[in-house]
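Asker: So that we are looking at the same thing, I have put the structure below in structure tokens.
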Amino acid sequence: MNNKLIMPVEISIKEKKKLSQGKVMQVVVFSRCTMIEVESSLNENYYLIYYKNNLVYGEKVEKIEKDSFIDKIRKMGIVLHSDHPFLSAIIPSQTATIPNKNKLFSQLQNQYSLQEVAYIATTLDSFFTKKQLSNVIYKIFYHYRRNGNFMQAFQIIKILANFAPDLNSAREIKNSLEFHSYMEFYTSSSLSTIQEKDSLFVEWHCFRYRLQPDEGKMLEGLLRKQDSFLTLLLLWMEKVEKYAKVPSIEAYTTMALQFVSMEKWIVTLDYLHINPFQVLPQTKSMIEEMLQEEHYETAALYLMNFLNALPDTYEEILHTLWEHLDPTFIATHIDTFMVMIQQLVLEDGEKQSEQRLLQLIGKLLETYDLKEVHEKLLPIQKSAPHSPVFRKINKMMTLLDDPDQMMELGQYYAEFKQYDEAIECFSWEMELYPDDPAPVSQLSKMYQNKGMVKEAFAYHQILDQMK
């Protein structure tokens with residue numbers, strides 16, 4: 001995947017009167033919850049917890065404790081790191097305003113059911129003590145039990161017992177005779193039956209065991225009923241990465257284009273090691289549009305990882321890139337473009353290819369020495385053994401270590417517009433043959449080509465004196 005096509009995702013965090021800008025380092029999705037880790041410009045780590053895409057709470061945390069909610073979902077959830085091209089689509093908002101900590105749970109009760117508030121409380125143990133959170137959940141439990149809502153009360157005490165397994169009182173209540181029938185209901189009923197009474201639990205359970213066939217199928221059905229297409233996409237990506245199978249690519253492409261552009265989706269498929277140009281016919285028109293707008297380098301960046309595995313219909317596109325790409329760009333990615341150049345040098349007209357090769361070698365010589373350039377281009381030379389450009393490179397290799405041939409070597413360097421190397425050769429020749437005006441004349445020309453007027457004029461004066 002080409003990193004030039006992936007920009008860092010940034011987010012602004014408003015905390016009381018303080019505003020921090022940070023880079024998203026990691027996003028973890030688990031059922032209805034999303035955790036976003038943000039590294040601020042001061043290298044502080046903020047952790048934000050979202051529920052149904054709404055920010056619940058967040059804080060700066062120095063260390064995530066073992067077995068905390070954040071620690072657990074990093075192991076059980078779907079993790080997207082900072083280099084994931086789909087990351088920006090997961091971020092609910094570019095700005096996160098941290099709510100008042102003291103009023104948090106009263107505000108949550110105005111937004112969500114009490115069962116959801118109890119569940120949300122279990123996600124916040126990196127910001128509150130377990131005792132504080134357990135007290136919140138206990139209050140909800142006693143509220144339901146006082147009102148005779150025993151099923152709801154059992155659901156809450158079950159959440160608390162799972163959250164704080166060392167809390168003896170919660171475990172005893174959960175296992176008491178008072179709630180035995182409800183415990184029996186959960187252990188003996190099918191997931192579809194339980195779902196009618198406790199959709200939150202079933203969705204959580206299915207997400208945790210989503211790679212199991214039955215749970216995975218049920219989870220997908222639940223998400224489709226909720227129109228949770230973003231989570232469906234993440235589940236699909238996870239399976240593709242885990243099992244290296246690509247089912248329903250067109251259906252998920254249609255789904256993905258609700259959230260990202262085709263360009264971003266292509267980069268995402270690249271990230272998943274899927275060749276989008278083989279599986280999605282519409283990608284070709286996207287590349288052609290880039291070429292029409294003369295965005296040659298951008299088109300090349302999208303194609304770069306698949307240059308050796310493109311359909312035959314892309315041949316004209318590759319010819320256009322070879323003709324129009326800046327030689328500097330090709331030289332920078334020479335190893336990637338190698339096979340493409342081999343093929344196109346054979347197919348293109350000799351004059352055009354010679355000109356492109358001359359420019360390319362000149363750019364390569366700016367980065368590598370002559371021996372390295374010669375070695376890198378051997379595969380292309382085998383495809384075009386009679387190329388005049390390669391004859392020059394081969395000749396230069398024979399002259400390289402012969403001090404008596406510096407004049408000729410300098411002239412070859414000059415042809416490739418490597419003026420500094422040419423100057424070095426002509427200077428050596430001038431020292432060996434101080435009465436010969438030829439190297440002096442060449443030195444004047446080289447400095448003139450470099451735009452160094454004073455130096456060019458100085459050698460021109462020496463040449464006049466010699467004459």
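Quick note on naming: the chains in the structure tokens go A, B, ... in the order shown, residues restart at 1 in each chain, and ligands are numbered from 1 in order of appearance.
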Write out as a list of chain:residue names each polymer residue whose atoms come within 8 Å of A:Leu318, counting only C-alpha atoms; drop sequence neighbours fewer than 4 positions from it.
Answerer: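 Answer for this query is A:Tyr314, A:Trp322, A:Met340.
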Asker: Please return, as a ChimeraX atom specification, all residues of stretch 18-171 of chain A that DSSP assigns to strand (DSSP E) on the basis of the backbone.
Answerer: /A:18-30,33-40,45-51,54-60,78-81,95-97
Asker: Have a look at A:Ile64, A:Ala458, A:Val260, A:Leu5 and name the one nearest to A:Tyr47; count only C-alpha atoms.
Answerer: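 Under the stated criterion, the closest residue is A:Ile64.
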Asker: Counting only C-alpha atoms, which residues of stretch 343-411 of chain A fall within 9 Å of stretch 436-449 of chain A, and what is the closest atom pair for each with its distance in Å at one decimal, ordered by chain and rising number, as JSON lines?
Answerer:
{"residue": "A:Met407", "atom": "CA", "partner": "A:Pro439", "partner_atom": "CA", "distance": 7.0}
{"residue": "A:Gly410", "atom": "CA", "partner": "A:Gln442", "partner_atom": "CA", "distance": 8.8}
{"residue": "A:Gln411", "atom": "CA", "partner": "A:Gln442", "partner_atom": "CA", "distance": 8.4}
Asker: Of the candidates A:Ser387, A:Leu222, A:Ala170, A:Glu250, which one gets nearest to A:Leu191 if we count only C-alpha atoms?
Answerer: A:Leu222
Asker: Please tabulate, as JSON lines, the residues of stretch 338-428 of chain A that come within 12 Å of stretch 306-310 of chain A, each with its closest pair of atoms and the distance in Å to one decimal, counting only C-alpha atoms and ordering rows by chain, then residue number upward.
Answerer:
{"residue": "A:Met338", "atom": "CA", "partner": "A:Leu307", "partner_atom": "CA", "distance": 9.5}
{"residue": "A:Val339", "atom": "CA", "partner": "A:Asn308", "partner_atom": "CA", "distance": 6.9}
{"residue": "A:Met340", "atom": "CA", "partner": "A:Leu307", "partner_atom": "CA", "distance": 6.8}
{"residue": "A:Ile341", "atom": "CA", "partner": "A:Leu307", "partner_atom": "CA", "distance": 10.3}
{"residue": "A:Gln342", "atom": "CA", "partner": "A:Asn308", "partner_atom": "CA", "distance": 11.2}
{"residue": "A:Gln343", "atom": "CA", "partner": "A:Asn308", "partner_atom": "CA", "distance": 10.4}
Asker: Please identify which residues in stretch 36-212 of chain A DSSP calls helix (DSSP H, G or I) from the backbone, and express them as a VMD selection string.
Answerer: chain A and resid 69 to 76 87 to 90 104 to 111 114 to 122 130 to 146 150 to 163 168 to 174 177 to 188 191 to 197 199 to 208
Asker: Find the residues around A:Lys14 up to 8 Å (only C-alpha atoms counted), leave out those fewer than 3 positions away in its own chain, and share them as a VMD selection string.
Answerer: chain A and resid 17 to 20 95 to 98
Asker: Could you write out the selected residues, including N, CA and C atoms, as a short mmCIF file (atom, residue, chain, number, x, y, z; two decimals), in the first residue's frame?
Answerer:
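Full text of again_0.cif as output:
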data_model
loop_
_atom_site.label_atom_id
_atom_site.label_comp_id
_atom_site.auth_asym_id
_atom_site.auth_seq_id
_atom_site.Cartn_x
_atom_site.Cartn_y
_atom_site.Cartn_z
N LYS A 17 -11.95 24.27 29.27
CA LYS A 17 -11.55 25.41 28.44
C LYS A 17 -10.31 25.11 27.61
N LYS A 18 -9.85 23.87 27.68
CA LYS A 18 -8.64 23.48 26.98
C LYS A 18 -8.98 22.80 25.66
N LEU A 19 -8.26 23.18 24.60
CA LEU A 19 -8.45 22.57 23.29
C LEU A 19 -7.15 21.90 22.86
N SER A 20 -7.20 20.61 22.58
CA SER A 20 -6.02 19.86 22.16
C SER A 20 -6.25 19.28 20.78
N THR A 95 -14.34 16.57 16.06
CA THR A 95 -14.20 17.27 17.34
C THR A 95 -14.88 16.46 18.44
N ALA A 96 -14.18 16.26 19.56
CA ALA A 96 -14.74 15.54 20.70
C ALA A 96 -14.80 16.49 21.90
N THR A 97 -16.01 16.79 22.35
CA THR A 97 -16.19 17.66 23.52
C THR A 97 -16.45 16.79 24.74
N ILE A 98 -15.50 16.77 25.67
CA ILE A 98 -15.61 15.92 26.85
C ILE A 98 -16.70 16.45 27.77
#
Asker: Which one of A:Leu365, A:Val453, A:Val9, A:Leu321 sits closest to A:Tyr413 if you count only C-alpha atoms?
Answerer: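 The shortest atom-to-atom distance to A:Tyr413 comes from A:Leu365.
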Asker: Just want the 9 Å neighbourhood of stretch 261-278 of chain A, counted on only C-alpha atoms, with same-chain residues fewer than 4 positions away dropped. Output as a list in words.
Answerer: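 What passes the distance filter is Met1, Asn2, Leu5, Ile6, His84, Pro85, Phe86, Met237, Val240, Glu241, Ala244, Val246, Thr253, Ala256, Leu257, Gln282, Thr283, Lys284, Met286, Tyr302, Leu303, Asn305, Phe306, Ala309, Leu310 and Pro311 of chain A.
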Asker: Could you save those same residues with N, CA and C atoms as an mmCIF file, in the first residue's frame?
Answerer:
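Result file follows (again_17.cif):
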data_model
loop_
_atom_site.group_PDB
_atom_site.id
_atom_site.type_symbol
_atom_site.label_atom_id
_atom_site.label_comp_id
_atom_site.auth_asym_id
_atom_site.auth_seq_id
_atom_site.Cartn_x
_atom_site.Cartn_y
_atom_site.Cartn_z
ATOM 1 N N MET A 1 0.834 -1.181 0.000
ATOM 2 C CA MET A 1 0.000 0.000 0.000
ATOM 3 C C MET A 1 0.879 1.245 0.000
ATOM 4 N N ASN A 2 0.469 2.253 -0.762
ATOM 5 C CA ASN A 2 1.278 3.458 -0.858
ATOM 6 C C ASN A 2 0.887 4.455 0.225
ATOM 7 N N LEU A 5 -0.898 7.967 -0.177
ATOM 8 C CA LEU A 5 -2.341 8.078 -0.386
ATOM 9 C C LEU A 5 -3.113 8.049 0.925
ATOM 10 N N ILE A 6 -2.419 7.890 2.050
ATOM 11 C CA ILE A 6 -3.085 7.826 3.355
ATOM 12 C C ILE A 6 -2.622 8.994 4.212
ATOM 13 N N HIS A 84 -4.563 2.569 8.816
ATOM 14 C CA HIS A 84 -5.692 1.948 8.122
ATOM 15 C C HIS A 84 -6.426 3.000 7.290
ATOM 16 N N PRO A 85 -6.579 2.786 5.989
ATOM 17 C CA PRO A 85 -7.184 3.815 5.132
ATOM 18 C C PRO A 85 -8.666 4.063 5.402
ATOM 19 N N PHE A 86 -9.319 3.143 6.110
ATOM 20 C CA PHE A 86 -10.748 3.310 6.396
ATOM 21 C C PHE A 86 -10.981 4.025 7.729
ATOM 22 N N MET A 237 -14.230 -6.824 6.545
ATOM 23 C CA MET A 237 -12.783 -6.605 6.424
ATOM 24 C C MET A 237 -12.013 -7.537 7.349
ATOM 25 N N VAL A 240 -11.890 -10.935 5.798
ATOM 26 C CA VAL A 240 -10.982 -10.950 4.646
ATOM 27 C C VAL A 240 -9.539 -11.046 5.123
ATOM 28 N N GLU A 241 -9.183 -10.252 6.125
ATOM 29 C CA GLU A 241 -7.808 -10.278 6.640
ATOM 30 C C GLU A 241 -7.483 -11.615 7.296
ATOM 31 N N ALA A 244 -8.382 -14.531 4.257
ATOM 32 C CA ALA A 244 -7.873 -14.269 2.898
ATOM 33 C C ALA A 244 -8.877 -14.690 1.822
ATOM 34 N N VAL A 246 -12.425 -13.360 -0.363
ATOM 35 C CA VAL A 246 -13.058 -12.096 -0.748
ATOM 36 C C VAL A 246 -14.473 -12.365 -1.271
ATOM 37 N N THR A 253 -18.726 -3.192 -1.784
ATOM 38 C CA THR A 253 -18.269 -1.954 -2.415
ATOM 39 C C THR A 253 -19.404 -0.934 -2.434
ATOM 40 N N ALA A 256 -19.689 0.352 0.993
ATOM 41 C CA ALA A 256 -18.559 1.196 1.387
ATOM 42 C C ALA A 256 -18.656 2.592 0.795
ATOM 43 N N LEU A 257 -19.182 2.691 -0.411
ATOM 44 C CA LEU A 257 -19.254 3.994 -1.089
ATOM 45 C C LEU A 257 -20.258 4.939 -0.434
ATOM 46 N N GLN A 282 -15.230 -0.811 -12.478
ATOM 47 C CA GLN A 282 -15.384 0.647 -12.484
ATOM 48 C C GLN A 282 -14.107 1.393 -12.086
ATOM 49 N N THR A 283 -13.114 0.686 -11.575
ATOM 50 C CA THR A 283 -11.870 1.354 -11.188
ATOM 51 C C THR A 283 -11.117 1.882 -12.411
ATOM 52 N N LYS A 284 -11.284 1.229 -13.550
ATOM 53 C CA LYS A 284 -10.570 1.650 -14.763
ATOM 54 C C LYS A 284 -11.007 3.056 -15.187
ATOM 55 N N MET A 286 -12.077 5.370 -13.293
ATOM 56 C CA MET A 286 -11.539 6.318 -12.316
ATOM 57 C C MET A 286 -10.099 6.702 -12.687
ATOM 58 N N TYR A 302 -1.988 4.909 -7.246
ATOM 59 C CA TYR A 302 -3.068 3.939 -7.048
ATOM 60 C C TYR A 302 -2.742 2.593 -7.692
ATOM 61 N N LEU A 303 -2.074 2.631 -8.835
ATOM 62 C CA LEU A 303 -1.790 1.408 -9.578
ATOM 63 C C LEU A 303 -0.519 0.704 -9.116
ATOM 64 N N ASN A 305 1.015 -0.819 -6.676
ATOM 65 C CA ASN A 305 1.180 -2.154 -6.102
ATOM 66 C C ASN A 305 0.662 -3.268 -6.997
ATOM 67 N N PHE A 306 0.040 -2.890 -8.125
ATOM 68 C CA PHE A 306 -0.585 -3.898 -8.977
ATOM 69 C C PHE A 306 -0.099 -3.814 -10.421
ATOM 70 N N ALA A 309 0.032 -7.007 -12.155
ATOM 71 C CA ALA A 309 -1.157 -7.867 -12.100
ATOM 72 C C ALA A 309 -2.399 -7.105 -12.552
ATOM 73 N N LEU A 310 -2.237 -6.281 -13.570
ATOM 74 C CA LEU A 310 -3.365 -5.522 -14.109
ATOM 75 C C LEU A 310 -3.995 -6.282 -15.280
ATOM 76 N N PRO A 311 -5.290 -6.104 -15.491
ATOM 77 C CA PRO A 311 -5.917 -6.723 -16.672
ATOM 78 C C PRO A 311 -5.289 -6.174 -17.956
#
Asker: Give me, as a count of residues only, all polymer residues having an atom no more than 10 Å from stretch 371-381 of chain A, counting only C-alpha atoms and skipping those fewer than 3 positions away in the same chain.
Answerer: 32
Asker: Taking only C-alpha atoms into account, name the residue in A:Phe329, A:Trp236, A:Phe69, A:Tyr182 that is nearest to A:Arg210.
Answerer: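 Of A:Phe329, A:Trp236, A:Phe69, A:Tyr182, the one nearest A:Arg210 is A:Trp236, counting only C-alpha atoms.
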Asker: Skipping near chain neighbours, those fewer than 2 positions away, what residues fall within 12 Å of A:Leu87 using only C-alpha atoms, listed as an MDAnalysis selection string?
Answerer: chainID A and resid 6:11 23:29 36:37 78:85 89:94 230 234 259:260 264:265 267:268 271
Asker: Calculated over only C-alpha atoms, which of the candidates A:Ala331, A:Val61, A:Ala161, A:Ile156 has the smallest distance to A:Lys139?
Answerer: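 Residue with the minimum atom-to-atom distance to A:Lys139: A:Ile156.
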